[in-house]
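Shown below: coords28.cif, with mmCIF, C-alpha atoms.
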```
data_work
loop_
_atom_site.group_PDB
_atom_site.id
_atom_site.type_symbol
_atom_site.label_atom_id
_atom_site.label_comp_id
_atom_site.auth_asym_id
_atom_site.auth_seq_id
_atom_site.Cartn_x
_atom_site.Cartn_y
_atom_site.Cartn_z
ATOM 1 C CA MET A 151 0.000 0.000 0.000
ATOM 2 C CA THR A 152 1.117 3.532 -0.727
ATOM 3 C CA ALA A 153 1.905 6.101 1.944
ATOM 4 C CA ARG A 154 -1.059 8.117 0.686
ATOM 5 C CA ALA A 155 -3.412 5.185 1.329
ATOM 6 C CA TRP A 156 -2.004 4.761 4.856
ATOM 7 C CA ASP A 157 -2.452 8.501 5.407
ATOM 8 C CA GLY A 158 -6.146 8.091 4.518
ATOM 9 C CA ILE A 159 -6.548 5.056 6.741
ATOM 10 C CA ALA A 160 -4.965 6.964 9.631
ATOM 11 C CA ALA A 161 -7.462 9.819 9.073
ATOM 12 C CA VAL A 162 -10.481 7.476 9.170
ATOM 13 C CA GLY A 163 -9.054 5.552 12.130
ATOM 14 C CA SER A 164 -8.363 8.755 14.038
ATOM 15 C CA GLY A 165 -11.913 9.989 13.341
ATOM 16 C CA ILE A 166 -13.411 6.705 14.579
ATOM 17 C CA LEU A 167 -11.348 6.643 17.784
ATOM 18 C CA PHE A 168 -12.080 10.331 18.375
ATOM 19 C CA GLY A 169 -15.829 9.770 17.955
ATOM 20 C CA VAL A 170 -15.950 6.741 20.280
ATOM 21 C CA GLY A 171 -13.859 8.657 22.815
ATOM 22 C CA LEU A 172 -16.140 11.692 22.739
ATOM 23 C CA VAL A 173 -19.267 9.596 23.388
ATOM 24 C CA LEU A 174 -17.631 7.410 26.056
ATOM 25 C CA SER A 175 -16.219 10.460 27.833
ATOM 26 C CA GLY A 176 -19.613 12.179 28.226
ATOM 27 C CA MET A 177 -18.767 15.120 25.945
ATOM 28 C CA THR A 178 -21.834 14.322 23.787
ATOM 29 C CA ARG A 179 -24.107 14.960 26.789
ATOM 30 C CA PRO A 180 -24.442 18.760 26.822
ATOM 31 C CA GLU A 181 -25.976 18.747 30.320
ATOM 32 C CA LYS A 182 -22.696 17.211 31.567
ATOM 33 C CA VAL A 183 -20.678 19.907 29.798
ATOM 34 C CA VAL A 184 -22.855 22.630 31.283
ATOM 35 C CA GLY A 185 -22.611 20.849 34.674
ATOM 36 C CA PHE A 186 -18.809 20.969 34.382
ATOM 37 C CA LEU A 187 -18.688 24.649 33.415
ATOM 38 C CA ASP A 188 -21.249 25.696 36.050
ATOM 39 C CA VAL A 189 -18.729 25.374 38.878
ATOM 40 C CA GLY A 190 -20.994 27.150 41.377
ATOM 41 C CA GLY A 191 -23.952 24.822 40.718
ATOM 42 C CA ALA A 192 -24.098 21.028 41.068
ATOM 43 C CA TRP A 193 -20.538 20.767 39.773
ATOM 44 C CA ASP A 194 -19.666 17.650 37.745
ATOM 45 C CA PRO A 195 -15.846 17.513 37.458
ATOM 46 C CA SER A 196 -15.878 14.541 35.025
ATOM 47 C CA LEU A 197 -14.714 16.528 32.014
ATOM 48 C CA ALA A 198 -11.453 17.408 33.753
ATOM 49 C CA PHE A 199 -10.731 13.663 33.521
ATOM 50 C CA VAL A 200 -11.331 13.772 29.747
ATOM 51 C CA MET A 201 -8.738 16.516 29.369
ATOM 52 C CA ALA A 202 -6.286 14.718 31.686
ATOM 53 C CA GLY A 203 -6.593 11.433 29.783
ATOM 54 C CA ALA A 204 -6.279 13.008 26.341
ATOM 55 C CA ILE A 205 -3.350 15.280 27.230
ATOM 56 C CA GLY A 206 -1.589 12.515 29.164
ATOM 57 C CA VAL A 207 -1.490 10.336 26.048
ATOM 58 C CA HIS A 208 -0.845 13.099 23.527
ATOM 59 C CA VAL A 209 2.166 14.473 25.390
ATOM 60 C CA LEU A 210 3.918 11.165 24.615
ATOM 61 C CA ALA A 211 3.063 11.373 20.902
ATOM 62 C CA TYR A 212 4.355 14.921 20.722
ATOM 63 C CA ARG A 213 7.570 13.903 22.459
ATOM 64 C CA TRP A 214 8.017 11.181 19.788
ATOM 65 C CA THR A 215 7.753 13.765 17.001
ATOM 66 C CA ARG A 216 10.564 15.882 18.399
ATOM 67 C CA GLY A 217 13.235 13.339 17.503
ATOM 68 C CA ARG A 218 11.961 12.934 13.932
ATOM 69 C CA LYS A 219 12.080 14.930 10.687
ATOM 70 C CA ALA A 220 8.780 13.626 9.266
ATOM 71 C CA PRO A 221 5.687 11.654 10.285
ATOM 72 C CA LEU A 222 5.272 8.063 9.055
ATOM 73 C CA PHE A 223 3.216 8.621 5.892
ATOM 74 C CA THR A 224 3.493 12.288 4.862
ATOM 75 C CA ALA A 225 6.407 14.594 4.047
ATOM 76 C CA LYS A 226 6.291 16.915 7.061
ATOM 77 C CA PHE A 227 4.737 17.820 10.379
ATOM 78 C CA GLY A 228 2.100 20.544 10.184
ATOM 79 C CA ILE A 229 2.547 21.791 13.733
ATOM 80 C CA PRO A 230 1.584 25.468 14.239
ATOM 81 C CA SER A 231 4.637 27.614 14.928
ATOM 82 C CA ARG A 232 3.037 30.934 15.953
ATOM 83 C CA ARG A 233 3.749 32.008 19.519
ATOM 84 C CA ASP A 234 2.307 35.545 19.614
ATOM 85 C CA ILE A 235 -0.752 36.238 21.762
ATOM 86 C CA ASP A 236 -2.954 38.667 19.820
ATOM 87 C CA VAL A 237 -6.369 40.223 20.433
ATOM 88 C CA LYS A 238 -7.958 38.096 17.719
ATOM 89 C CA LEU A 239 -6.906 34.864 19.468
ATOM 90 C CA LEU A 240 -8.285 35.924 22.852
ATOM 91 C CA LEU A 241 -11.458 37.483 21.417
ATOM 92 C CA GLY A 242 -12.113 34.323 19.361
ATOM 93 C CA ALA A 243 -11.516 32.047 22.351
ATOM 94 C CA ALA A 244 -13.851 34.181 24.499
ATOM 95 C CA VAL A 245 -16.627 34.102 21.863
ATOM 96 C CA PHE A 246 -16.185 30.335 21.496
ATOM 97 C CA GLY A 247 -16.337 29.888 25.292
ATOM 98 C CA VAL A 248 -19.603 31.851 25.513
ATOM 99 C CA GLY A 249 -21.115 29.616 22.815
ATOM 100 C CA TRP A 250 -19.796 26.479 24.543
ATOM 101 C CA GLY A 251 -21.313 27.437 27.899
ATOM 102 C CA MET A 252 -24.554 28.466 26.173
ATOM 103 C CA GLY A 253 -25.323 25.282 24.229
ATOM 104 C CA GLY A 254 -23.091 22.691 25.915
ATOM 105 C CA TYR A 255 -21.561 21.704 22.570
ATOM 106 C CA CYS A 256 -18.082 22.259 21.212
ATOM 107 C CA PRO A 257 -17.439 21.365 17.540
ATOM 108 C CA GLY A 258 -16.487 17.662 17.875
ATOM 109 C CA PRO A 259 -19.368 16.551 20.119
ATOM 110 C CA GLY A 260 -21.805 18.611 18.019
ATOM 111 C CA ILE A 261 -20.763 16.783 14.847
ATOM 112 C CA VAL A 262 -20.726 13.318 16.481
ATOM 113 C CA SER A 263 -24.193 13.990 17.949
ATOM 114 C CA LEU A 264 -25.596 14.420 14.415
ATOM 115 C CA ALA A 265 -25.709 10.600 14.568
ATOM 116 C CA SER A 266 -28.391 10.757 17.276
ATOM 117 C CA GLY A 267 -30.819 12.202 14.718
ATOM 118 C CA GLY A 268 -31.847 14.879 17.213
ATOM 119 C CA THR A 269 -32.854 18.396 16.130
ATOM 120 C CA GLY A 270 -30.445 20.163 18.498
ATOM 121 C CA PRO A 271 -27.195 18.856 16.967
ATOM 122 C CA PHE A 272 -28.408 19.706 13.431
ATOM 123 C CA VAL A 273 -29.314 23.243 14.444
ATOM 124 C CA PHE A 274 -26.001 23.602 16.295
ATOM 125 C CA VAL A 275 -23.822 22.297 13.442
ATOM 126 C CA ALA A 276 -25.688 24.289 10.757
ATOM 127 C CA ALA A 277 -25.318 27.482 12.826
ATOM 128 C CA MET A 278 -21.636 26.678 13.499
ATOM 129 C CA LEU A 279 -20.905 26.208 9.770
ATOM 130 C CA LEU A 280 -22.678 29.499 9.045
ATOM 131 C CA GLY A 281 -20.578 31.253 11.704
ATOM 132 C CA MET A 282 -17.349 29.741 10.330
ATOM 133 C CA PHE A 283 -18.244 30.597 6.735
ATOM 134 C CA VAL A 284 -19.198 34.216 7.436
ATOM 135 C CA THR A 285 -16.087 34.753 9.577
ATOM 136 C CA ALA A 286 -13.808 33.292 6.898
ATOM 137 C CA LYS A 287 -15.405 35.568 4.262
ATOM 138 C CA LEU A 288 -15.046 38.659 6.464
ATOM 139 C CA GLU A 289 -11.405 37.759 7.152
ATOM 140 C CA GLU A 290 -10.814 37.481 3.386
ATOM 141 C CA LEU A 291 -12.390 40.905 2.828
ATOM 142 C CA ALA A 292 -10.353 42.436 5.646
ATOM 143 C CA ALA A 293 -7.142 40.921 4.249
ATOM 144 C CA ALA A 294 -7.965 42.174 0.717
ATOM 145 C CA SER A 295 -8.703 45.691 1.976
ATOM 146 C CA SER A 296 -5.508 45.861 4.033
ATOM 147 C CA ASP A 297 -3.620 44.694 0.920
ATOM 148 C CA ARG A 298 -5.187 47.553 -1.068
ATOM 149 C CA ASN A 299 -4.361 50.058 1.640
ATOM 150 C CA GLY A 300 -0.806 48.744 1.704
ATOM 151 C CA GLN A 301 -0.495 49.176 -2.080
ATOM 152 C CA GLU A 302 -1.919 52.710 -1.936
ATOM 153 C CA ARG A 303 0.534 53.632 0.800
ATOM 154 C CA ALA A 304 3.310 52.160 -1.317
ATOM 155 C CA LYS A 305 2.214 54.372 -4.274
ATOM 156 C CA VAL A 306 2.211 57.498 -2.114
ATOM 157 C CA VAL A 307 5.695 56.676 -0.904
ATOM 158 C CA MET B 87 -22.164 15.204 42.046
ATOM 159 C CA GLN B 88 -24.496 12.242 41.321
ATOM 160 C CA ASN B 89 -23.498 12.398 37.643
ATOM 161 C CA PHE B 90 -19.755 12.143 38.307
ATOM 162 C CA THR B 91 -18.234 9.615 35.838
ATOM 163 C CA PRO B 92 -14.453 9.676 36.392
ATOM 164 C CA PHE B 93 -13.686 6.259 34.876
ATOM 165 C CA SER B 94 -15.617 6.483 31.596
ATOM 166 C CA SER B 95 -14.530 10.107 31.179
ATOM 167 C CA LEU B 96 -10.862 9.197 31.701
ATOM 168 C CA ALA B 97 -11.188 6.220 29.305
ATOM 169 C CA GLY B 98 -12.878 8.428 26.700
ATOM 170 C CA GLY B 99 -10.156 11.034 27.156
ATOM 171 C CA VAL B 100 -7.451 8.403 26.633
ATOM 172 C CA LEU B 101 -9.170 7.337 23.370
ATOM 173 C CA ILE B 102 -9.293 10.972 22.229
ATOM 174 C CA GLY B 103 -5.578 11.249 23.054
ATOM 175 C CA ILE B 104 -4.823 8.080 21.045
ATOM 176 C CA ALA B 105 -6.880 9.419 18.109
ATOM 177 C CA ALA B 106 -5.000 12.728 18.086
ATOM 178 C CA SER B 107 -1.683 10.882 18.451
ATOM 179 C CA LEU B 108 -2.460 8.567 15.509
ATOM 180 C CA LEU B 109 -3.127 11.573 13.269
ATOM 181 C CA LEU B 110 0.074 13.302 14.426
ATOM 182 C CA VAL B 111 2.402 10.298 14.239
ATOM 183 C CA ALA B 112 1.045 8.902 10.947
ATOM 184 C CA SER B 113 0.298 12.129 9.085
ATOM 185 C CA GLY B 114 1.806 15.026 11.051
ATOM 186 C CA ARG B 115 -1.589 16.678 11.401
ATOM 187 C CA ILE B 116 -3.294 18.402 14.323
ATOM 188 C CA ALA B 117 -6.599 16.799 15.388
ATOM 189 C CA GLY B 118 -8.440 20.076 15.899
ATOM 190 C CA ILE B 119 -12.047 19.526 14.893
ATOM 191 C CA SER B 120 -12.875 23.177 14.134
ATOM 192 C CA GLY B 121 -9.748 23.431 11.984
ATOM 193 C CA ILE B 122 -10.519 20.190 10.142
ATOM 194 C CA VAL B 123 -14.061 21.390 9.343
ATOM 195 C CA GLY B 124 -12.998 24.979 8.625
ATOM 196 C CA GLY B 125 -10.404 23.773 6.113
ATOM 197 C CA LEU B 126 -13.224 22.204 4.077
ATOM 198 C CA LEU B 127 -14.993 25.541 3.679
ATOM 199 C CA ALA B 128 -12.053 26.917 1.667
ATOM 200 C CA PRO B 129 -10.148 23.792 0.594
ATOM 201 C CA ARG B 130 -6.667 23.896 -0.867
ATOM 202 C CA ALA B 131 -5.619 21.353 -3.524
ATOM 203 C CA GLY B 132 -4.811 17.931 -2.072
ATOM 204 C CA ASP B 133 -5.948 18.971 1.389
ATOM 205 C CA ARG B 134 -9.559 17.819 1.260
ATOM 206 C CA ALA B 135 -9.532 13.981 1.299
ATOM 207 C CA TRP B 136 -8.062 13.436 4.778
ATOM 208 C CA ARG B 137 -10.493 15.956 6.292
ATOM 209 C CA LEU B 138 -13.490 14.195 4.750
ATOM 210 C CA LEU B 139 -12.150 10.772 5.797
ATOM 211 C CA PHE B 140 -11.664 11.971 9.392
ATOM 212 C CA LEU B 141 -15.220 13.366 9.525
ATOM 213 C CA ILE B 142 -16.664 10.176 7.991
ATOM 214 C CA GLY B 143 -14.919 8.199 10.753
ATOM 215 C CA LEU B 144 -16.161 10.640 13.386
ATOM 216 C CA ILE B 145 -19.819 10.470 12.313
ATOM 217 C CA GLY B 146 -19.567 6.725 11.593
ATOM 218 C CA ALA B 147 -18.378 6.169 15.161
ATOM 219 C CA GLY B 148 -21.312 8.305 16.311
ATOM 220 C CA LEU B 149 -23.786 6.096 14.427
ATOM 221 C CA VAL B 150 -22.338 2.927 15.983
ATOM 222 C CA MET B 151 -22.262 4.458 19.479
ATOM 223 C CA ALA B 152 -25.849 5.748 19.063
ATOM 224 C CA ALA B 153 -26.920 2.141 18.373
ATOM 225 C CA ILE B 154 -24.927 0.647 21.276
ATOM 226 C CA THR B 155 -25.563 3.298 23.954
ATOM 227 C CA PRO B 156 -28.453 5.590 22.937
ATOM 228 C CA SER B 157 -28.160 7.366 26.308
ATOM 229 C CA GLY B 158 -24.644 8.524 25.382
ATOM 230 C CA MET B 159 -26.005 11.418 23.308
ATOM 231 C CA THR B 160 -28.547 13.609 25.033
ATOM 232 C CA ALA B 161 -30.322 16.770 23.922
ATOM 233 C CA SER B 162 -28.951 20.111 25.099
ATOM 234 C CA PRO B 163 -30.551 21.330 28.341
ATOM 235 C CA ARG B 164 -31.029 24.686 26.589
ATOM 236 C CA ALA B 165 -33.924 25.703 24.329
ATOM 237 C CA LEU B 166 -33.342 25.485 20.577
ATOM 238 C CA GLY B 167 -32.924 29.259 20.180
ATOM 239 C CA TRP B 168 -30.000 29.208 22.628
ATOM 240 C CA VAL B 169 -28.494 26.221 20.787
ATOM 241 C CA ALA B 170 -28.695 28.073 17.443
ATOM 242 C CA ALA B 171 -27.066 31.188 18.915
ATOM 243 C CA ALA B 172 -24.439 28.973 20.567
ATOM 244 C CA GLY B 173 -23.642 27.371 17.203
ATOM 245 C CA VAL B 174 -23.030 30.746 15.543
ATOM 246 C CA LEU B 175 -20.777 31.873 18.422
ATOM 247 C CA VAL B 176 -18.807 28.593 18.359
ATOM 248 C CA GLY B 177 -18.338 28.919 14.581
ATOM 249 C CA VAL B 178 -17.231 32.570 14.730
ATOM 250 C CA GLY B 179 -15.074 32.089 17.840
ATOM 251 C CA THR B 180 -13.203 29.005 16.674
ATOM 252 C CA ARG B 181 -12.376 30.657 13.321
ATOM 253 C CA LEU B 182 -11.159 33.902 14.922
ATOM 254 C CA GLY B 183 -9.268 32.040 17.653
ATOM 255 C CA ASN B 184 -7.867 29.316 15.353
ATOM 256 C CA GLY B 185 -9.133 26.371 17.371
ATOM 257 C CA CYS B 186 -11.425 24.740 19.875
ATOM 258 C CA THR B 187 -11.362 22.268 22.756
ATOM 259 C CA SER B 188 -9.462 19.670 20.703
ATOM 260 C CA GLY B 189 -6.954 21.802 18.783
ATOM 261 C CA HIS B 190 -6.061 24.195 21.617
ATOM 262 C CA GLY B 191 -7.277 22.244 24.670
ATOM 263 C CA VAL B 192 -5.756 18.848 23.858
ATOM 264 C CA CYS B 193 -3.170 19.178 21.049
ATOM 265 C CA GLY B 194 -1.871 22.651 21.907
ATOM 266 C CA ILE B 195 -1.637 22.138 25.657
ATOM 267 C CA SER B 196 0.179 18.816 25.100
ATOM 268 C CA ARG B 197 3.030 20.719 23.467
ATOM 269 C CA LEU B 198 2.717 23.694 25.860
ATOM 270 C CA ALA B 199 2.026 26.081 22.965
ATOM 271 C CA PRO B 200 1.598 29.564 24.489
ATOM 272 C CA ARG B 201 -1.268 30.516 22.149
ATOM 273 C CA SER B 202 -3.168 27.362 23.124
ATOM 274 C CA LEU B 203 -2.573 27.884 26.854
ATOM 275 C CA PHE B 204 -3.991 31.409 26.636
ATOM 276 C CA ALA B 205 -6.855 30.357 24.354
ATOM 277 C CA THR B 206 -7.848 27.442 26.605
ATOM 278 C CA ALA B 207 -7.753 29.561 29.771
ATOM 279 C CA THR B 208 -9.895 32.158 27.964
ATOM 280 C CA PHE B 209 -12.571 29.828 26.581
ATOM 281 C CA MET B 210 -12.778 27.923 29.875
ATOM 282 C CA ALA B 211 -13.298 31.179 31.781
ATOM 283 C CA ALA B 212 -15.877 32.407 29.239
ATOM 284 C CA GLY B 213 -17.682 29.037 29.410
ATOM 285 C CA VAL B 214 -17.790 29.097 33.221
ATOM 286 C CA LEU B 215 -19.110 32.679 33.254
ATOM 287 C CA THR B 216 -21.766 31.915 30.630
ATOM 288 C CA ALA B 217 -22.988 28.682 32.252
ATOM 289 C CA THR B 218 -23.185 30.433 35.638
ATOM 290 C CA LEU B 219 -24.938 33.508 34.260
ATOM 291 C CA LEU B 220 -27.515 31.434 32.377
ATOM 292 C CA ARG B 221 -28.318 29.455 35.559
ATOM 293 C CA TRP B 222 -28.885 32.737 37.425
ATOM 294 C CA LEU B 223 -31.133 33.926 34.610
ATOM 295 C CA GLY B 224 -33.067 30.660 34.842
ATOM 296 C CA ALA B 225 -32.330 29.764 31.253
ATOM 297 C CA VAL B 226 -31.320 26.190 32.084
ATOM 298 C CA SER B 227 -34.286 24.713 30.231
#
```

Translate this file's structure into structure tokens.
Amino acid sequence: MTARAWDGIAAVGSGILFGVGLVLSGMTRPEKVVGFLDVGGAWDPSLAFVMAGAIGVHVLAYRWTRGRKAPLFTAKFGIPSRRDIDVKLLLGAAVFGVGWGMGGYCPGPGIVSLASGGTGPFVFVAAMLLGMFVTAKLEELAAASSDRNGQERAKVV
Amino acid sequence: MQNFTPFSSLAGGVLIGIAASLLLVASGRIAGISGIVGGLLAPRAGDRAWRLLFLIGLIGAGLVMAAITPSGMTASPRALGWVAAAGVLVGVGTRLGNGCTSGHGVCGISRLAPRSLFATATFMAAGVLTATLLRWLGAVS
């Protein structure tokens, strides 16, 4: 089998494991998520165990990558290299957190819960895609307009 | 704390960690769900197949789990209008902030990335404030 085929198999396998993990962990039960975030109410600390388990394993995988030039089946690691903390990052995280505490869904559990056939997950995922799409378009427009401004400044100079 | 499920939550977390590790070790990719979905909205050449395959696996696992343990996926405790608004905010926020619970909270924190540490602290704090405020306002159902 080619490396490209293995790359595809790894993607499906990762998706399957991720989906089973999300359901088993309780992340696809929004009342549990809200119960975790509502620390002053009937606090349910279970989701801290999800984070601990996932990070505990993933730290080892990341350590493995540090001694290597490339992953097993593709040419290079696509690990983000930015280290700057900007307003956009913090504003985005805050807006996401408000939405998370409001509905009890983050993106993964929302998508997995489509499988339940319930109305809520469909409404959530459709609204999320709309939010992503509009934001991406606005970012494109903003980038294009700052390019134009940059060119005009260059002309003046 | 009658709903406390430390063992299944830890086991589920370990599976999520293995899933993210498989994607990193095999393909060098970050298992951030919002990033994987967002990349499909404006796909670059040769960058679409793995995203679709991951999402097929994710939803396929959901279908199997829904058949085995129907109680594993419950409806949101919030009314549908709140859920719709929440979806828009999650979509906007994860695009602006370049990630969600998986990309920043699991993958980023595992490598102690400063952006992910700040993002995770911020969305956790915002989530706590929102959940608390909505309980005060009586919007739980």

Neighbours of point (-11.2, 7.1, 23.0) within 8 Å, using all atoms listed in the file, written as a PyMOL selection string: (chain A and resi 167-172+174-175) or (chain B and resi 97-105)

Could you please take those selected residues and save C-alpha atoms as an mmCIF file, keeping the file's coordinate frame?
```cif
data_model
loop_
_atom_site.group_PDB
_atom_site.id
_atom_site.type_symbol
_atom_site.label_atom_id
_atom_site.label_comp_id
_atom_site.auth_asym_id
_atom_site.auth_seq_id
_atom_site.Cartn_x
_atom_site.Cartn_y
_atom_site.Cartn_z
ATOM 1 C CA LEU A 167 -11.348 6.643 17.784
ATOM 2 C CA PHE A 168 -12.080 10.331 18.375
ATOM 3 C CA GLY A 169 -15.829 9.770 17.955
ATOM 4 C CA VAL A 170 -15.950 6.741 20.280
ATOM 5 C CA GLY A 171 -13.859 8.657 22.815
ATOM 6 C CA LEU A 172 -16.140 11.692 22.739
ATOM 7 C CA LEU A 174 -17.631 7.410 26.056
ATOM 8 C CA SER A 175 -16.219 10.460 27.833
ATOM 9 C CA ALA B 97 -11.188 6.220 29.305
ATOM 10 C CA GLY B 98 -12.878 8.428 26.700
ATOM 11 C CA GLY B 99 -10.156 11.034 27.156
ATOM 12 C CA VAL B 100 -7.451 8.403 26.633
ATOM 13 C CA LEU B 101 -9.170 7.337 23.370
ATOM 14 C CA ILE B 102 -9.293 10.972 22.229
ATOM 15 C CA GLY B 103 -5.578 11.249 23.054
ATOM 16 C CA ILE B 104 -4.823 8.080 21.045
ATOM 17 C CA ALA B 105 -6.880 9.419 18.109
#
```

Please return, as a list in words, all polymer residues that have at least one atom within 8 Å of the point (1.5, 5.2, 12.7); use all atoms listed in the file and the file's own coordinate frame. Ala160, Leu222 and Phe223 of chain A; Leu108, Leu109, Val111, Ala112 and Ser113 of chain B

Check what the PyMOL selection byres ((chain B and resi 213) around 10) selects in the file above and give those residues as a list in words.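 With the shown file as input, the PyMOL selection byres ((chain B and resi 213) around 10) matches Val183, Val184, Phe186, Leu187, Asp188, Ala243, Ala244, Val245, Phe246, Gly247, Val248, Gly249, Trp250, Gly251, Met252, Gly253 and Gly254 of chain A; Ala207, Thr208, Phe209, Met210, Ala211, Ala212, Val214, Leu215, Thr216, Ala217, Thr218 and Leu219 of chain B.
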
Using all atoms listed in the file, which of the listed residues (A:Arg213, A:Pro259, A:Val189, A:Ala153) sits closest to Gly148 in chain B?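 Among the listed residues, the smallest separation from Gly148 in chain B belongs to A:Pro259.
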
Coordinates-based distance that separates CA of Arg181 in chain B from CA of Pro230 in chain A (Å, one decimal):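 Spanning CA of Pro230 in chain A to CA of Arg181 in chain B is a straight-line distance of 14.9 Å.
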
Suppose you want the space between CA of Leu127 in chain B and CA of Val284 in chain A; what is it in Å?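 For CA of Leu127 in chain B relative to CA of Val284 in chain A, the distance reads 10.3 Å.
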
Can you tell me, as a list in words, what residues are no more than 12 Å from Leu280 in chain A when counting only C-alpha atoms, ignoring any on the same chain fewer than 2 positions away? Val273, Phe274, Val275, Ala276, Ala277, Met278, Met282, Phe283, Val284, Thr285, Ala286 and Lys287 of chain A; Val123, Gly124, Leu127, Ala170, Ala171, Ala172, Gly173, Val174, Leu175, Val176, Gly177, Val178, Gly179 and Arg181 of chain B
